[in-house]
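Novice: Shown below is the structure under consideration.
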2 protein chains.
Amino acid sequence: MDIQQLVRELKIENKSKIVMLVADGLGGLPIEPGGPTELEAAKTPNLDALAKRGVQGSMNPIAPGITPGSGPGHLGLFGYEPVKYLIGRGALEATGVGFKLGPKDVAIRCNFCTLDANGNICDRRAGRIPTEESGPLAIKLRQVKIPGVEVFVEPVKEHRFVVIFRGEGLAGNVADTDPQKTGVPPLDPVPHNDASKRTAEIAKQFVAQAQKLLAGEKKANGLTMRGFSAAPVIPSYQEVYGLKAAAIAVYPMYKGLAQLVGMELVGEPTTLSEEIDVLEKAWNDYDFFFVHFKYTDSRGEDGNFPEKVRMIEQFDAIIPRVAALNPMVLIVTGDHSTPARLASHSWHSVPTLLVSETCRPDGLTAFNEKAALHGGLGQFQAVYLMPLALAHAERLAKFGA
Amino acid sequence: MDIQQLVRELKIENKSKIVMLVADGLGGLPIEPGGPTELEAAKTPNLDALAKRGVQGSMNPIAPGITPGSGPGHLGLFGYEPVKYLIGRGALEATGVGFKLGPKDVAIRCNFCTLDANGNICDRRAGRIPTEESGPLAIKLRQVKIPGVEVFVEPVKEHRFVVIFRGEGLAGNVADTDPQKTGVPPLDPVPHNDASKRTAEIAKQFVAQAQKLLAGEKKANGLTMRGFSAAPVIPSYQEVYGLKAAAIAVYPMYKGLAQLVGMELVGEPTTLSEEIDVLEKAWNDYDFFFVHFKYTDSRGEDGNFPEKVRMIEQFDAIIPRVAALNPMVLIVTGDHSTPARLASHSWHSVPTLLVSETCRPDGLTAFNEKAALHGGLGQFQAVYLMPLALAHAERLAKFGA
């Protein structure tokens, strides 16, 4: 069954508000056997109060055992089957810096690197060169000219930048050039099929010219390319759900993801508190609000259990401000788990909470992984979260007579 | 979503070991209202100790309400969608006795029976004729000659044997000839479609010649045919998961099933204890070990509740030897339920336990049907067991950027 298609047919528009708070990488693991997870260790009086009013569930972002990247993780939360709607890294990164991808574009996520005299990679990330220094280098690469194709180069952060080729007959199916190790030269951009031959050829020309432009640079004299990708074709939130949706996020990737499903970026917050300021200000202008909190994931990726606990507590602290807006449906979830113990994304399910006046109480009094196992939503797939939200927002008609 | 395809794309090879212990027909029912199931009645200190370290779930082999045969039950455990990969009984039996089926083969599971003077069946299983007597009869049938087709006849156990036709234009879609009752003659082999007409015709010739060869025999003078089946095309464990897999089993059918997915048969154990001897000896040579224990199912099929309890306790007793090998992932499950109360396979979910250092504790302290309902894996489909095992074995890459 295509649940999104069904929802699309049943949607009703009304004035209700839905808020989805995403604490990135929320789910965790005990740092030592027998101990609590990060969420169990954190003092979360506000989330626990919500747990008494809502229903919990243990959510699989993709499927049991599958560890999602940020793209598929968020698409699932937004109700789009992640395996159906694949977004390349390049497309994600381009959208994240505000570049509007068109149908003739192929975007490539690039890294500055350092090369030795033989052209072998010394540092795959050019010592994580600061953004102030990498930005001008990326701008310099705008001098690259390739006949028959428009070339765009956009700085991102640190060693990252994005290149977009615009022209006829381009395709995303080209192999990454990052060899994933040092002491060897970057790989050639190899096309995976006939349709992507021209793109690979253009990429090769780009690298050759870029290498010359960077030749004298001390901090970064080379580049690698990955995630060659055309713009994905994704139906919008408005189209699918009838929702005017706002995205409130600090980091480019999440802004990009939200824009790909047709959300509007609101404000330019730099902290969680500022994100809630933006939410309050925009309250009357949208139906749906996606609010992204990055640092639960960051501290998980760092392998820093106590700091992830602290980030969860910071997240908990803003809950009263959100609850005070009195959304018809309030969701608290994550796009995947990032246990500090693993210092990476993981496949473990994500504790998820939905609060609405129409929730059937599940008797839980705390919000965490163990509680979520016994919640009213059971174990469920991420793509069912939006249908549930819409139902509680009275935005779905009865199916069938 | 085709989860196996996704896993195939994400697989990583490493040195980790995965053990899947299958207690056939593990799940049960109370023999009387209010009583325990077989697994709840059994003293299982070792399984309960594992439960404290792992996660449990209540596994549906196929789908709620569907009772699996051994073939689909195991295919689900192995991660192959059982409705997609159908294996005929004949193919299963042939593989089980070590016959390598080729693409031009059709295999048929046959039973010796006894016929009266009018050709009506007296005993559908020829009094469960002992293997020592049925073997030579099966060998005698190798005298059957059919123009244009090679005929193989292989003894199995007791009244069972298997016939393989090899030739051009054969197909499996032929009706069983066992009328499932006595006092009537065996049915004709009727083709279900045009493609299987030739096979049905050959089967008719085989029966005619076989009947003559058996005419003077006292213990068995007839035969029935069932499960006409071509060799199934199933991608191997190596291909799909990148796993070098060993199968350790006593009974032919399970050996056959394992071989169909590309596992190698290891050792020739005749008891559970010998199976674990084999496991220990082969430990360094494989990535994945399927260990099959038959007698939980057999005693369930017998309707013998106390003996099934005893078999579960025997199974529990070998757990420390397996755990001592320290596999990265240890799974305890069954291919279906076989409640003694029903004396047959059933559709009830199967308590399943996965133990790994990366399990998120679910707070359970015993392994049984009731506990499994509250486990970290929730209610889940069998095809997700292998993805979970691979994830915990660090054998799956992140999906998407």
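Simple scheme: letters A, B, ... for chains in structure tokens order, numbers from 1 for residues in each chain, numbers from 1 for ligands in the order shown.
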Least-squares fit chain B onto chain A by Cα, in order, and just send back the RMSD.

Specialist: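 Overlaying the two chains on their C-alpha atoms yields 0.1 Å.
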
Novice: For chain A, work out the contacting residues on chain B at 9 Å, counting only C-alpha atoms, and write them as a PyMOL selection string.

Specialist: chain B and resi 1+3+6-7+10+53+357-363+374-380+384-392+396-401

Novice: Give one line per residue of segment 208-308 of chain B that approaches segment 175-181 of chain B to at most 6 Å, naming the two atoms of the closest pair and their distance in Å to one decimal, counting only C-alpha atoms; sort by chain then ascending residue number and deliver it as a tab-separated table.

Specialist:
residue	atom	partner	partner_atom	distance
B:Thr224	CA	B:Asp178	CA	5.1
B:Met225	CA	B:Thr177	CA	5.2
B:Arg226	CA	B:Asp176	CA	4.2

Novice: Please identify all polymer residues within 8 Å of segment 273-282 of chain B, counting only C-alpha atoms, omitting same-chain residues fewer than 2 positions from it, and present them as JSON, numbers by chain.

Specialist: {"B": [248, 249, 250, 266, 267, 269, 270, 271, 284, 285, 286, 289, 291, 318, 321, 322, 325]}

Novice: Using only all heavy atoms, please write the residues we just selected to a file, as a compact mmCIF listing (two decimals), in the first residue's frame.

Specialist:
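To be explicit, this is the file written out as part.txt:
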# COMPACT_ATOMS: atom_id res chain seq x y z
N ILE B 248 24.43 -26.50 9.83
CA ILE B 248 24.67 -27.64 10.69
C ILE B 248 23.30 -28.20 11.05
O ILE B 248 22.54 -27.58 11.80
CB ILE B 248 25.46 -27.22 11.95
CG1 ILE B 248 26.76 -26.51 11.52
CG2 ILE B 248 25.75 -28.42 12.83
CD1 ILE B 248 27.57 -25.94 12.66
N ALA B 249 22.98 -29.35 10.48
CA ALA B 249 21.65 -29.91 10.66
C ALA B 249 21.73 -31.42 10.58
O ALA B 249 22.67 -31.97 10.00
CB ALA B 249 20.70 -29.37 9.58
N VAL B 250 20.73 -32.07 11.16
CA VAL B 250 20.69 -33.53 11.14
C VAL B 250 19.79 -34.03 10.01
O VAL B 250 20.12 -34.97 9.33
CB VAL B 250 20.20 -34.06 12.51
CG1 VAL B 250 20.01 -35.58 12.47
CG2 VAL B 250 21.16 -33.64 13.62
N VAL B 266 28.09 -28.65 6.83
CA VAL B 266 29.30 -28.95 7.58
C VAL B 266 29.02 -30.13 8.49
O VAL B 266 28.02 -30.16 9.20
CB VAL B 266 29.74 -27.73 8.41
CG1 VAL B 266 31.11 -27.98 9.04
CG2 VAL B 266 29.79 -26.48 7.55
N GLY B 267 29.92 -31.10 8.49
CA GLY B 267 29.85 -32.24 9.39
C GLY B 267 28.68 -33.16 9.08
O GLY B 267 27.89 -32.92 8.16
N PRO B 269 26.51 -34.45 11.82
CA PRO B 269 26.08 -34.68 13.20
C PRO B 269 24.79 -35.48 13.25
O PRO B 269 23.99 -35.44 12.30
CB PRO B 269 25.85 -33.26 13.72
CG PRO B 269 25.48 -32.47 12.50
CD PRO B 269 26.30 -33.06 11.40
N THR B 270 24.60 -36.21 14.32
CA THR B 270 23.35 -36.97 14.48
C THR B 270 22.60 -36.55 15.74
O THR B 270 21.47 -36.98 15.96
CB THR B 270 23.62 -38.49 14.53
OG1 THR B 270 24.45 -38.75 15.67
CG2 THR B 270 24.31 -38.97 13.27
N THR B 271 23.23 -35.72 16.57
CA THR B 271 22.57 -35.22 17.79
C THR B 271 22.86 -33.74 17.92
O THR B 271 23.77 -33.21 17.27
CB THR B 271 23.12 -35.91 19.05
OG1 THR B 271 24.51 -35.54 19.18
CG2 THR B 271 23.00 -37.43 18.98
N ASN B 284 36.29 -21.21 12.74
CA ASN B 284 37.16 -20.26 12.04
C ASN B 284 36.92 -20.19 10.54
O ASN B 284 37.46 -19.31 9.87
CB ASN B 284 38.63 -20.60 12.31
CG ASN B 284 38.98 -20.36 13.76
OD1 ASN B 284 38.51 -19.40 14.37
ND2 ASN B 284 39.76 -21.27 14.34
N ASP B 285 36.10 -21.09 10.03
CA ASP B 285 36.00 -21.21 8.58
C ASP B 285 34.81 -20.50 7.95
O ASP B 285 34.69 -20.44 6.74
CB ASP B 285 35.96 -22.69 8.19
CG ASP B 285 37.18 -23.45 8.72
OD1 ASP B 285 38.24 -22.80 8.87
OD2 ASP B 285 37.06 -24.65 9.01
N TYR B 286 33.89 -20.02 8.78
CA TYR B 286 32.67 -19.41 8.23
C TYR B 286 32.32 -18.12 8.98
O TYR B 286 32.80 -17.88 10.08
CB TYR B 286 31.50 -20.40 8.34
CG TYR B 286 31.71 -21.64 7.51
CD1 TYR B 286 32.36 -22.76 8.07
CD2 TYR B 286 31.32 -21.69 6.18
CE1 TYR B 286 32.59 -23.89 7.30
CE2 TYR B 286 31.54 -22.82 5.41
CZ TYR B 286 32.18 -23.92 5.98
OH TYR B 286 32.41 -25.03 5.21
N PHE B 289 26.53 -19.16 10.84
CA PHE B 289 26.23 -20.55 11.16
C PHE B 289 24.73 -20.71 11.43
O PHE B 289 24.18 -20.06 12.32
CB PHE B 289 27.00 -20.99 12.41
CG PHE B 289 28.50 -20.88 12.25
CD1 PHE B 289 29.15 -19.68 12.52
CD2 PHE B 289 29.25 -21.96 11.82
CE1 PHE B 289 30.53 -19.56 12.37
CE2 PHE B 289 30.62 -21.87 11.66
CZ PHE B 289 31.26 -20.66 11.93
N VAL B 291 22.22 -23.37 12.77
CA VAL B 291 22.20 -24.63 13.51
C VAL B 291 20.74 -25.01 13.74
O VAL B 291 19.98 -24.24 14.33
CB VAL B 291 22.94 -24.50 14.86
CG1 VAL B 291 22.95 -25.85 15.58
CG2 VAL B 291 24.36 -23.99 14.66
N ILE B 318 22.60 -26.58 25.72
CA ILE B 318 23.79 -26.38 24.86
C ILE B 318 24.13 -24.90 24.67
O ILE B 318 25.16 -24.55 24.09
CB ILE B 318 23.63 -27.05 23.47
CG1 ILE B 318 22.40 -26.53 22.73
CG2 ILE B 318 23.55 -28.57 23.60
CD1 ILE B 318 22.63 -25.36 21.85
N ARG B 321 27.68 -23.52 25.51
CA ARG B 321 28.76 -23.87 24.57
C ARG B 321 28.76 -22.91 23.38
O ARG B 321 29.82 -22.54 22.88
CB ARG B 321 28.58 -25.31 24.06
CG ARG B 321 28.93 -26.35 25.12
CD ARG B 321 28.76 -27.77 24.59
NE ARG B 321 29.66 -28.06 23.48
CZ ARG B 321 29.54 -29.12 22.68
NH1 ARG B 321 28.54 -29.97 22.85
NH2 ARG B 321 30.40 -29.32 21.70
N VAL B 322 27.58 -22.53 22.94
CA VAL B 322 27.50 -21.59 21.80
C VAL B 322 27.95 -20.20 22.25
O VAL B 322 28.75 -19.54 21.57
CB VAL B 322 26.07 -21.53 21.23
CG1 VAL B 322 26.00 -20.56 20.06
CG2 VAL B 322 25.60 -22.92 20.81
N LEU B 325 31.64 -19.37 22.42
CA LEU B 325 32.34 -19.04 21.17
C LEU B 325 32.35 -17.54 20.92
O LEU B 325 33.08 -17.04 20.08
CB LEU B 325 31.67 -19.76 20.00
CG LEU B 325 31.81 -21.29 20.00
CD1 LEU B 325 30.84 -21.92 19.00
CD2 LEU B 325 33.24 -21.68 19.68

Novice: Which one of B:Pro232, B:Tyr80, B:Glu38, B:Asp123 sits closest to Gln381 of chain B if you count only C-alpha atoms?

Specialist: B:Tyr80

Novice: I need the residues in segment 155-259 of chain A that are alpha helix (DSSP H) according to DSSP; give them as a ChimeraX atom specification.

Specialist: /A:197-214,237-241,252-259

Novice: Can you list every residue in segment 105-282 of chain B that DSSP puts in strand (DSSP E or B), as a PyMOL selection string?

Specialist: chain B and resi 105-115+121-123+146+149-155+160-166+174+191+222-230+245-248+264-265

Novice: Would you mind listing what lies within 10 Å of Leu101 of chain B as a list in words, with only C-alpha atoms counted and same-chain residues fewer than 5 positions away left out?

Specialist: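 Here the answer would be Ala91, Leu92, Ala94, Thr95, Val106, Ala107, Ile164, Arg166, Ala230, Ala231, Pro232 and Leu260 of chain B.
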
Novice: Convert the current residue selection to file output with C-alpha atoms, as a compact mmCIF listing (two decimals), in the first residue's frame.

Specialist:
# COMPACT_ATOMS: atom_id res chain seq x y z
CA ALA B 91 13.01 -29.72 -4.96
CA LEU B 92 13.36 -29.53 -1.20
CA ALA B 94 15.94 -33.81 -3.63
CA THR B 95 18.30 -31.20 -2.26
CA VAL B 106 11.90 -31.46 -12.16
CA ALA B 107 11.90 -33.17 -8.78
CA ILE B 164 13.98 -36.42 -10.72
CA ARG B 166 15.95 -34.29 -16.45
CA ALA B 230 11.71 -27.27 -10.82
CA ALA B 231 14.89 -26.05 -9.15
CA PRO B 232 14.18 -22.67 -7.56
CA LEU B 260 19.39 -23.82 -1.73

Novice: Quick check, in Å to one decimal: how far apart do atom CA of Val97 of chain B and atom CA of Gly242 of chain B lie?

Specialist: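 Separating atom CA of Val97 of chain B from atom CA of Gly242 of chain B is a distance of 26.4 Å.
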
Novice: Please list as a PyMOL selection string every residue within 10 Å of Gln314 of chain B, counting only C-alpha atoms and excluding residues in the same chain fewer than 4 positions away.

Specialist: chain B and resi 42-44+272-273+295-296+308-310+318-319

Novice: Grab the residues selected above and save them as a PDB file, in the first residue's frame with N, CA and C atoms.

Specialist:
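In the end it all went to selection_26.pdb:
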ATOM      1  N   ALA B  42       9.267 -24.850  30.492  1.00  0.00           N
ATOM      2  CA  ALA B  42      10.632 -25.390  30.521  1.00  0.00           C
ATOM      3  C   ALA B  42      11.529 -24.563  31.435  1.00  0.00           C
ATOM      4  N   LYS B  43      12.462 -25.251  32.084  1.00  0.00           N
ATOM      5  CA  LYS B  43      13.491 -24.531  32.859  1.00  0.00           C
ATOM      6  C   LYS B  43      14.610 -24.181  31.894  1.00  0.00           C
ATOM      7  N   THR B  44      14.770 -22.880  31.631  1.00  0.00           N
ATOM      8  CA  THR B  44      15.739 -22.437  30.617  1.00  0.00           C
ATOM      9  C   THR B  44      16.653 -21.357  31.176  1.00  0.00           C
ATOM     10  N   LEU B 272      22.137 -33.068  18.805  1.00  0.00           N
ATOM     11  CA  LEU B 272      22.373 -31.641  19.033  1.00  0.00           C
ATOM     12  C   LEU B 272      23.778 -31.405  19.555  1.00  0.00           C
ATOM     13  N   SER B 273      24.206 -32.274  20.461  1.00  0.00           N
ATOM     14  CA  SER B 273      25.547 -32.134  21.025  1.00  0.00           C
ATOM     15  C   SER B 273      26.606 -32.253  19.925  1.00  0.00           C
ATOM     16  N   TYR B 295      13.918 -31.513  17.247  1.00  0.00           N
ATOM     17  CA  TYR B 295      12.986 -32.267  18.093  1.00  0.00           C
ATOM     18  C   TYR B 295      11.936 -31.447  18.844  1.00  0.00           C
ATOM     19  N   THR B 296      12.154 -30.137  18.947  1.00  0.00           N
ATOM     20  CA  THR B 296      11.080 -29.299  19.495  1.00  0.00           C
ATOM     21  C   THR B 296       9.842 -29.394  18.596  1.00  0.00           C
ATOM     22  N   LYS B 308       8.015 -32.017  24.605  1.00  0.00           N
ATOM     23  CA  LYS B 308       8.497 -30.792  23.946  1.00  0.00           C
ATOM     24  C   LYS B 308       9.200 -29.912  24.978  1.00  0.00           C
ATOM     25  N   VAL B 309       8.636 -29.864  26.186  1.00  0.00           N
ATOM     26  CA  VAL B 309       9.293 -29.119  27.267  1.00  0.00           C
ATOM     27  C   VAL B 309      10.704 -29.664  27.480  1.00  0.00           C
ATOM     28  N   ARG B 310      10.814 -30.997  27.503  1.00  0.00           N
ATOM     29  CA  ARG B 310      12.120 -31.612  27.748  1.00  0.00           C
ATOM     30  C   ARG B 310      13.098 -31.285  26.606  1.00  0.00           C
ATOM     31  N   ILE B 318      22.604 -26.577  25.723  1.00  0.00           N
ATOM     32  CA  ILE B 318      23.786 -26.377  24.856  1.00  0.00           C
ATOM     33  C   ILE B 318      24.133 -24.895  24.673  1.00  0.00           C
ATOM     34  N   ILE B 319      23.266 -24.024  25.144  1.00  0.00           N
ATOM     35  CA  ILE B 319      23.491 -22.574  24.948  1.00  0.00           C
ATOM     36  C   ILE B 319      24.863 -22.110  25.457  1.00  0.00           C
TER      37      ILE B 319
END

Novice: Find the spatial neighbours of Gly334 of chain A, counting only C-alpha atoms, within a cut-off of 9 Å - ignore same-chain residues fewer than 6 positions away - and output them as a tab-separated table (two decimals) with C-alpha atoms, in the first residue's frame.

Specialist:
chain	number	residue	atom	x	y	z
A	21	LEU	CA	10.27	18.78	16.83
A	22	VAL	CA	13.19	16.74	15.55
A	23	ALA	CA	16.06	16.16	17.94
A	24	ASP	CA	18.58	14.81	15.47
A	25	GLY	CA	20.00	11.41	16.41
A	26	LEU	CA	17.77	11.30	19.49
A	27	GLY	CA	17.84	7.55	20.19
A	61	PRO	CA	13.15	5.35	10.15
A	73	GLY	CA	15.95	9.81	7.92
A	74	HIS	CA	14.18	13.12	7.37
A	77	LEU	CA	9.70	11.64	9.05
A	350	VAL	CA	13.75	6.15	17.66
A	351	PRO	CA	11.55	6.98	20.66
A	352	THR	CA	8.73	9.09	19.32

Novice: Which residue out of B:Asn304, B:Asn46, B:Asn368, B:Asn120 has the minimum interatomic distance to Leu187 of chain B when only C-alpha atoms are used?

Specialist: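 Using only C-alpha atoms, the shortest distance to Leu187 of chain B belongs to B:Asn120.
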
Novice: Counting only C-alpha atoms, what is within 9 Å of segment 213-221 of chain A, bar same-chain residues fewer than 4 positions away, as a ChimeraX atom specification?

Specialist: /A:112-116,125-127,129,133-134,137,140-141,143-144,159,208-209

Novice: Between atom CA of Glu268 of chain B and atom CA of Gly98 of chain B, what is the distance, to one decimal in Å?

Specialist: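 A separation of 12.5 Å between them.
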
Novice: Rank nothing, just name the residue among B:Asp2, B:Gly183, B:Ala138, B:Ser298 nearest to Ser337 of chain B, using only C-alpha atoms.

Specialist: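 The closest residue to Ser337 of chain B is B:Ser298.
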
Novice: Pick the closest to Ala245 of chain A from A:Glu201, A:Glu313, A:Glu301, A:Asp287: which is it, counting only C-alpha atoms?

Specialist: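 Of all the options, A:Asp287 lies closest to Ala245 of chain A.
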